[in-house]
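Colleague: Input structure: model04.pdb, which contains PDB, C-alpha atoms.
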ATOM      1  CA  MET G 220     -20.980   8.333 -46.239
ATOM      2  CA  GLY G 221     -23.050   9.736 -43.462
ATOM      3  CA  SER G 222     -23.652  13.394 -42.926
ATOM      4  CA  SER G 223     -21.914  15.163 -40.108
ATOM      5  CA  THR G 224     -25.270  15.923 -38.524
ATOM      6  CA  GLN G 225     -26.102  12.242 -37.885
ATOM      7  CA  SER G 226     -25.655  11.100 -34.312
ATOM      8  CA  ASN G 227     -23.093   8.489 -33.422
ATOM      9  CA  PRO G 228     -24.943   5.315 -32.269
ATOM     10  CA  LEU G 229     -22.011   4.428 -29.991
ATOM     11  CA  LYS G 230     -22.107   7.732 -28.118
ATOM     12  CA  ARG G 231     -24.304   8.208 -25.071
ATOM     13  CA  LYS G 232     -27.266  10.468 -25.675
ATOM     14  CA  ASP G 233     -27.235  11.975 -22.217
ATOM     15  CA  SER G 234     -24.147  13.081 -20.401
ATOM     16  CA  ILE G 235     -23.225  10.897 -17.461
ATOM     17  CA  LYS G 236     -21.446  13.788 -15.793
ATOM     18  CA  GLY G 237     -23.169  15.716 -13.108
ATOM     19  CA  PRO G 238     -22.583  17.300  -9.730
ATOM     20  CA  GLY G 239     -20.707  14.936  -7.476
ATOM     21  CA  ASP G 240     -19.688  12.565 -10.276
ATOM     22  CA  LYS G 241     -15.997  12.941  -9.592
ATOM     23  CA  LEU G 242     -14.153   9.687  -8.952
ATOM     24  CA  ASP G 243     -11.137  10.124  -6.674
ATOM     25  CA  ILE G 244      -8.574   7.322  -6.504
ATOM     26  CA  THR G 245      -5.670   7.535  -4.068
ATOM     27  CA  PRO G 246      -3.070   4.779  -3.840
ATOM     28  CA  LEU G 247      -1.981   4.459  -0.206
ATOM     29  CA  GLY G 248       0.632   1.922  -1.228
ATOM     30  CA  ALA G 249       1.753  -0.009  -4.291
ATOM     31  CA  GLY G 250       1.415   3.093  -6.459
ATOM     32  CA  ASN G 251       4.893   2.612  -7.953
ATOM     33  CA  GLU G 252       6.033  -0.595  -6.303
ATOM     34  CA  VAL G 253       5.023  -4.101  -5.326
ATOM     35  CA  GLY G 254       3.895  -4.201  -1.715
ATOM     36  CA  ARG G 255       1.353  -2.654   0.685
ATOM     37  CA  SER G 256      -1.413  -2.663  -1.890
ATOM     38  CA  CYS G 257      -4.129  -0.301  -0.720
ATOM     39  CA  VAL G 258      -6.327   1.937  -2.867
ATOM     40  CA  TYR G 259      -8.725   4.530  -1.433
ATOM     41  CA  MET G 260     -11.618   5.451  -3.716
ATOM     42  CA  THR G 261     -14.459   7.938  -3.290
ATOM     43  CA  TYR G 262     -17.431   8.434  -5.578
ATOM     44  CA  LYS G 263     -20.795  10.071  -4.919
ATOM     45  CA  SER G 264     -20.282  10.224  -1.136
ATOM     46  CA  LYS G 265     -19.281   6.544  -0.930
ATOM     47  CA  THR G 266     -15.792   5.469   0.075
ATOM     48  CA  VAL G 267     -14.214   2.104  -0.686
ATOM     49  CA  LEU G 268     -10.806   0.771   0.294
ATOM     50  CA  PHE G 269      -9.435  -1.935  -1.985
ATOM     51  CA  ASP G 270      -6.902  -4.181  -0.274
ATOM     52  CA  CYS G 271      -4.947  -3.639   2.908
ATOM     53  CA  GLY G 272      -1.502  -5.165   2.466
ATOM     54  CA  ILE G 273       1.999  -4.836   3.868
ATOM     55  CA  HIS G 274       5.296  -4.162   2.158
ATOM     56  CA  PRO G 275       7.434  -7.301   2.496
ATOM     57  CA  ALA G 276      10.719  -5.361   2.423
ATOM     58  CA  TYR G 277       9.868  -3.364   5.563
ATOM     59  CA  SER G 278       8.795  -4.165   9.107
ATOM     60  CA  GLY G 279       6.659  -2.522  11.735
ATOM     61  CA  MET G 280       4.844   0.702  10.870
ATOM     62  CA  ALA G 281       7.032   1.231   7.784
ATOM     63  CA  ALA G 282       5.433  -1.840   6.179
ATOM     64  CA  LEU G 283       1.912  -0.387   6.362
ATOM     65  CA  PRO G 284       0.088   1.571   3.670
ATOM     66  CA  TYR G 285      -0.042   5.323   4.278
ATOM     67  CA  PHE G 286      -3.134   5.200   6.502
ATOM     68  CA  ASP G 287      -2.263   8.595   7.990
ATOM     69  CA  GLU G 288      -3.388  10.164   4.674
ATOM     70  CA  ILE G 289      -7.045   9.186   5.269
ATOM     71  CA  ASP G 290      -9.707   9.074   7.964
ATOM     72  CA  PRO G 291     -10.526   5.344   8.335
ATOM     73  CA  SER G 292     -13.879   6.143   9.979
ATOM     74  CA  THR G 293     -15.172   7.535   6.648
ATOM     75  CA  ILE G 294     -14.702   4.262   4.725
ATOM     76  CA  ASP G 295     -17.940   2.443   3.922
ATOM     77  CA  VAL G 296     -16.517  -0.817   2.559
ATOM     78  CA  LEU G 297     -13.155  -2.572   2.496
ATOM     79  CA  LEU G 298     -12.787  -5.165  -0.268
ATOM     80  CA  VAL G 299      -9.854  -7.572  -0.238
ATOM     81  CA  THR G 300      -9.229  -8.704  -3.807
ATOM     82  CA  HIS G 301      -7.173 -11.817  -2.984
ATOM     83  CA  PHE G 302      -4.911 -13.307  -0.374
ATOM     84  CA  HIS G 303      -1.321 -12.299  -0.738
ATOM     85  CA  LEU G 304       0.488 -10.637   2.147
ATOM     86  CA  ASP G 305       0.928  -7.503   0.070
ATOM     87  CA  HIS G 306      -2.879  -7.316  -0.347
ATOM     88  CA  CYS G 307      -4.265  -8.188   3.096
ATOM     89  CA  ALA G 308      -1.607  -8.588   5.802
ATOM     90  CA  SER G 309      -2.283  -5.181   7.358
ATOM     91  CA  LEU G 310      -5.996  -5.950   7.715
ATOM     92  CA  PRO G 311      -5.772  -6.980  11.413
ATOM     93  CA  TYR G 312      -3.943  -3.732  12.176
ATOM     94  CA  PHE G 313      -6.476  -1.667  10.227
ATOM     95  CA  LEU G 314      -9.531  -3.348  11.770
ATOM     96  CA  GLU G 315      -8.241  -3.420  15.346
ATOM     97  CA  LYS G 316      -6.055  -0.314  15.712
ATOM     98  CA  THR G 317      -7.731   2.390  13.624
ATOM     99  CA  THR G 318     -11.144   4.097  13.651
ATOM    100  CA  PHE G 319     -12.459   1.971  10.745
ATOM    101  CA  LYS G 320     -16.103   0.936  11.305
ATOM    102  CA  GLY G 321     -17.133  -0.081   7.769
ATOM    103  CA  ARG G 322     -17.918  -3.459   6.290
ATOM    104  CA  VAL G 323     -15.280  -5.964   5.124
ATOM    105  CA  PHE G 324     -15.597  -8.453   2.261
ATOM    106  CA  MET G 325     -13.266 -10.956   0.610
ATOM    107  CA  THR G 326     -13.640 -14.103  -1.484
ATOM    108  CA  HIS G 327     -14.560 -17.401   0.185
ATOM    109  CA  ALA G 328     -11.105 -18.790  -0.649
ATOM    110  CA  THR G 329      -9.330 -15.797   0.871
ATOM    111  CA  LYS G 330     -11.348 -15.964   4.074
ATOM    112  CA  ALA G 331     -10.703 -19.723   4.315
ATOM    113  CA  ILE G 332      -6.924 -19.234   4.573
ATOM    114  CA  TYR G 333      -6.813 -15.732   6.110
ATOM    115  CA  LYS G 334      -6.442 -16.700   9.791
ATOM    116  CA  LEU G 335      -4.011 -19.551   9.139
ATOM    117  CA  PHE G 336      -1.778 -17.538   6.815
ATOM    118  CA  LEU G 337      -1.640 -14.448   9.023
ATOM    119  CA  SER G 338      -1.015 -16.530  12.156
ATOM    120  CA  ASP G 339       1.980 -18.055  10.378
ATOM    121  CA  PHE G 340       3.091 -14.578   9.308
ATOM    122  CA  VAL G 341       3.069 -13.422  12.952
ATOM    123  CA  LYS G 342       5.018 -16.516  14.078
ATOM    124  CA  ILE G 343       7.758 -16.257  11.447
ATOM    125  CA  SER G 344       8.179 -12.471  11.558
ATOM    126  CA  LYS G 345      11.643 -11.776  12.905
ATOM    127  CA  ILE G 346      10.907  -8.425  14.481
ATOM    128  CA  SER G 347      10.766  -7.206  18.043
ATOM    129  CA  VAL G 348       7.547  -7.321  20.042
ATOM    130  CA  GLU G 349       7.458  -3.519  19.932
ATOM    131  CA  GLU G 350       7.461  -3.582  16.123
ATOM    132  CA  MET G 351       4.686  -6.190  15.824
ATOM    133  CA  LEU G 352       1.652  -4.643  14.150
ATOM    134  CA  TYR G 353      -0.780  -7.160  15.657
ATOM    135  CA  ASP G 354      -0.924 -10.516  17.415
ATOM    136  CA  GLU G 355      -2.932 -13.715  17.041
ATOM    137  CA  GLN G 356      -5.731 -12.365  19.263
ATOM    138  CA  ASP G 357      -6.121  -9.385  16.918
ATOM    139  CA  ILE G 358      -6.348 -11.784  13.962
ATOM    140  CA  ALA G 359      -9.005 -13.880  15.738
ATOM    141  CA  ARG G 360     -11.094 -10.765  16.531
ATOM    142  CA  THR G 361     -11.046  -9.701  12.887
ATOM    143  CA  MET G 362     -12.676 -12.946  11.748
ATOM    144  CA  ASP G 363     -16.056 -11.763  13.055
ATOM    145  CA  LYS G 364     -15.598  -8.376  11.364
ATOM    146  CA  ILE G 365     -15.251  -9.996   7.954
ATOM    147  CA  GLU G 366     -18.981 -10.186   7.584
ATOM    148  CA  GLY G 367     -19.235 -11.571   4.135
ATOM    149  CA  SER G 368     -17.453 -13.246   1.365
ATOM    150  CA  PHE G 369     -18.269 -13.400  -2.297
ATOM    151  CA  GLU G 370     -17.604 -15.507  -5.358
ATOM    152  CA  LEU G 371     -15.209 -14.248  -8.008
ATOM    153  CA  VAL G 372     -17.999 -14.191 -10.595
ATOM    154  CA  ALA G 373     -20.609 -12.554  -8.416
ATOM    155  CA  ARG G 374     -22.345  -9.236  -8.292
ATOM    156  CA  LEU G 375     -22.116  -7.799  -4.804
ATOM    157  CA  GLN G 376     -24.443  -5.002  -3.704
ATOM    158  CA  ILE G 377     -23.579  -3.047  -0.583
ATOM    159  CA  GLN G 378     -25.877  -0.131   0.219
ATOM    160  CA  ALA G 379     -26.214   1.813  -3.061
ATOM    161  CA  MET G 380     -22.959   0.422  -4.486
ATOM    162  CA  MET G 381     -22.792  -2.462  -6.960
ATOM    163  CA  PHE G 382     -19.509  -4.365  -7.407
ATOM    164  CA  VAL G 383     -19.461  -6.456 -10.561
ATOM    165  CA  ASN G 384     -16.741  -8.865 -11.595
ATOM    166  CA  PRO G 385     -15.714  -8.122 -15.212
ATOM    167  CA  VAL G 386     -15.987 -11.832 -16.053
ATOM    168  CA  ASP G 387     -19.644 -11.748 -14.951
ATOM    169  CA  VAL G 388     -20.330  -8.711 -17.164
ATOM    170  CA  MET G 389     -18.781 -10.345 -20.244
ATOM    171  CA  GLU G 390     -20.898 -13.473 -19.773
ATOM    172  CA  SER G 391     -24.147 -11.505 -19.412
TER     173      SER G 391
END
Could you write out this structure as structure tokens?
Modeller:
Amino acid sequence: MGSSTQSNPLKRKDSIKGPGDKLDITPLGAGNEVGRSCVYMTYKSKTVLFDCGIHPAYSGMAALPYFDEIDPSTIDVLLVTHFHLDHCASLPYFLEKTTFKGRVFMTHATKAIYKLFLSDFVKISKISVEEMLYDEQDIARTMDKIEGSFELVARLQIQAMMFVNPVDVMES
């Protein structure tokens, strides 16, 4: 039996909390449903948007995440986790029709099928031209804005931020 004055070896010695250490997470879609996955996160003056999807049950502006709740120009990085329409089909709208000026990353596999899949999505969408969120030219322009892609088991450093795949951490 150890005394109550002994320190716990599993507890951090120094507090990790400090000024500005608040992590804010705001779901802009998919908070309580499947569809329009989009999560806005801020930490230590850095802002990341995870995913940029559409809601498959809606069309036009109603299918988008709630972008009006944020200022897109303040986002440093947009990371697309994988290619499903509910995770990246509003990306052409977000990159071409908002004030977003940050960097965009997705996996190699996602980028490989991005243009083809979204071009098909535009062609098969049965909505009026007025309700279309973007066209094939918008999709083509976004290809150059997706400046990098990463492997699923990679560590990705962007400015002072480090993104680490949990699988990579467990293998280290």
Colleague: Give me the residues near G:Val258 as a list in words, where near means some atom within 12 Å (using all atoms listed in the file) and where sequence neighbours in that chain fewer than 4 positions away do not count.
Modeller: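 Using all atoms listed in the file, the neighbours found are Asp243, Ile244, Thr245, Pro246, Leu247, Gly248, Ala249, Gly250, Gly254, Thr266, Val267, Leu268, Phe269, Asp270, Cys271, Gly272, Pro284, Tyr285, Phe286, Glu288, Ile289, Ile294, Val296, Leu297, Leu298, Val299, Thr300, His306 and Cys307 of chain G.
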Colleague: If I wrap all listed atoms of stretch 277-285 of chain G in a box with edges along x, y and z and add 3 Å on each side, what are its centre and edge lengths in Å to one decimal, as AutoDock Vina command-line options?
Modeller:
--center_x 4.9 --center_y 0.6 --center_z 7.7 --size_x 15.9 --size_y 15.5 --size_z 14.1
Colleague: So, with all atoms listed in the file as the atoms that count, which of G:Ile358, G:Lys241, G:Asp339, G:Pro275 lies closest to G:Lys263?
Modeller: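 Looking only at the distances to G:Lys263, the closest residue turns out to be G:Lys241.
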Colleague: Give me, please, the distance in Å between atom CA of G:Tyr277 and atom CA of G:Glu366, quoted to one decimal.
Modeller: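 Between these atoms lies a distance of 29.7 Å.
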Colleague: Could you list, as a list in words, every residue within 12 Å of G:Ala359, counting only C-alpha atoms and ignoring same-chain residues fewer than 3 positions away?
Modeller: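 Those residues are Leu310, Pro311, Tyr312, Leu314, Glu315, Tyr333, Lys334, Leu335, Leu337, Ser338, Tyr353, Asp354, Glu355, Gln356, Met362, Asp363, Lys364 and Ile365 of chain G.
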Colleague: Since the input lacks some atoms of stretch 242-259 of chain G, please model N, CA, C and O atoms and print them as a short mmCIF file (atom, residue, chain, number, x, y, z; two decimals), keeping the file's coordinate frame.
Modeller:
data_model
loop_
_atom_site.label_atom_id
_atom_site.label_comp_id
_atom_site.auth_asym_id
_atom_site.auth_seq_id
_atom_site.Cartn_x
_atom_site.Cartn_y
_atom_site.Cartn_z
N LEU G 242 -14.73 10.89 -9.53
CA LEU G 242 -14.15 9.69 -8.95
C LEU G 242 -12.74 10.02 -8.51
O LEU G 242 -11.91 10.41 -9.32
N ASP G 243 -12.47 9.89 -7.21
CA ASP G 243 -11.14 10.12 -6.67
C ASP G 243 -10.52 8.79 -6.30
O ASP G 243 -11.12 8.00 -5.57
N ILE G 244 -9.31 8.55 -6.81
CA ILE G 244 -8.57 7.32 -6.50
C ILE G 244 -7.23 7.72 -5.93
O ILE G 244 -6.49 8.48 -6.57
N THR G 245 -6.93 7.21 -4.74
CA THR G 245 -5.67 7.54 -4.07
C THR G 245 -4.96 6.25 -3.66
O THR G 245 -5.44 5.54 -2.78
N PRO G 246 -3.85 5.93 -4.30
CA PRO G 246 -3.07 4.78 -3.84
C PRO G 246 -2.40 5.11 -2.50
O PRO G 246 -1.74 6.13 -2.38
N LEU G 247 -2.62 4.28 -1.51
CA LEU G 247 -1.98 4.46 -0.21
C LEU G 247 -0.77 3.54 -0.08
O LEU G 247 -0.14 3.48 0.96
N GLY G 248 -0.49 2.83 -1.12
CA GLY G 248 0.63 1.92 -1.23
C GLY G 248 0.57 1.27 -2.59
O GLY G 248 -0.46 1.34 -3.26
N ALA G 249 1.65 0.70 -3.01
CA ALA G 249 1.75 -0.01 -4.29
C ALA G 249 1.51 0.89 -5.49
O ALA G 249 1.22 0.40 -6.56
N GLY G 250 1.60 2.19 -5.33
CA GLY G 250 1.42 3.09 -6.46
C GLY G 250 2.51 2.94 -7.50
O GLY G 250 2.26 2.98 -8.69
N ASN G 251 3.74 2.76 -7.06
CA ASN G 251 4.89 2.61 -7.95
C ASN G 251 5.78 1.45 -7.55
O ASN G 251 6.97 1.45 -7.86
N GLU G 252 5.22 0.51 -6.82
CA GLU G 252 6.03 -0.60 -6.30
C GLU G 252 5.14 -1.80 -6.02
O GLU G 252 3.93 -1.68 -6.00
N VAL G 253 5.77 -2.92 -5.77
CA VAL G 253 5.02 -4.10 -5.33
C VAL G 253 5.07 -4.08 -3.81
O VAL G 253 6.13 -3.93 -3.22
N GLY G 254 3.95 -4.20 -3.18
CA GLY G 254 3.90 -4.20 -1.72
C GLY G 254 2.93 -3.16 -1.19
O GLY G 254 2.70 -2.13 -1.82
N ARG G 255 2.34 -3.47 -0.03
CA ARG G 255 1.35 -2.65 0.68
C ARG G 255 0.23 -2.14 -0.22
O ARG G 255 -0.15 -0.98 -0.17
N SER G 256 -0.32 -3.03 -1.01
CA SER G 256 -1.41 -2.66 -1.89
C SER G 256 -2.58 -2.14 -1.07
O SER G 256 -3.06 -2.78 -0.14
N CYS G 257 -3.02 -0.93 -1.43
CA CYS G 257 -4.13 -0.30 -0.72
C CYS G 257 -4.58 0.89 -1.55
O CYS G 257 -3.80 1.82 -1.78
N VAL G 258 -5.82 0.87 -2.02
CA VAL G 258 -6.33 1.94 -2.87
C VAL G 258 -7.61 2.49 -2.26
O VAL G 258 -8.56 1.76 -2.00
N TYR G 259 -7.61 3.80 -2.04
CA TYR G 259 -8.72 4.53 -1.43
C TYR G 259 -9.50 5.20 -2.56
O TYR G 259 -8.93 5.93 -3.37
#
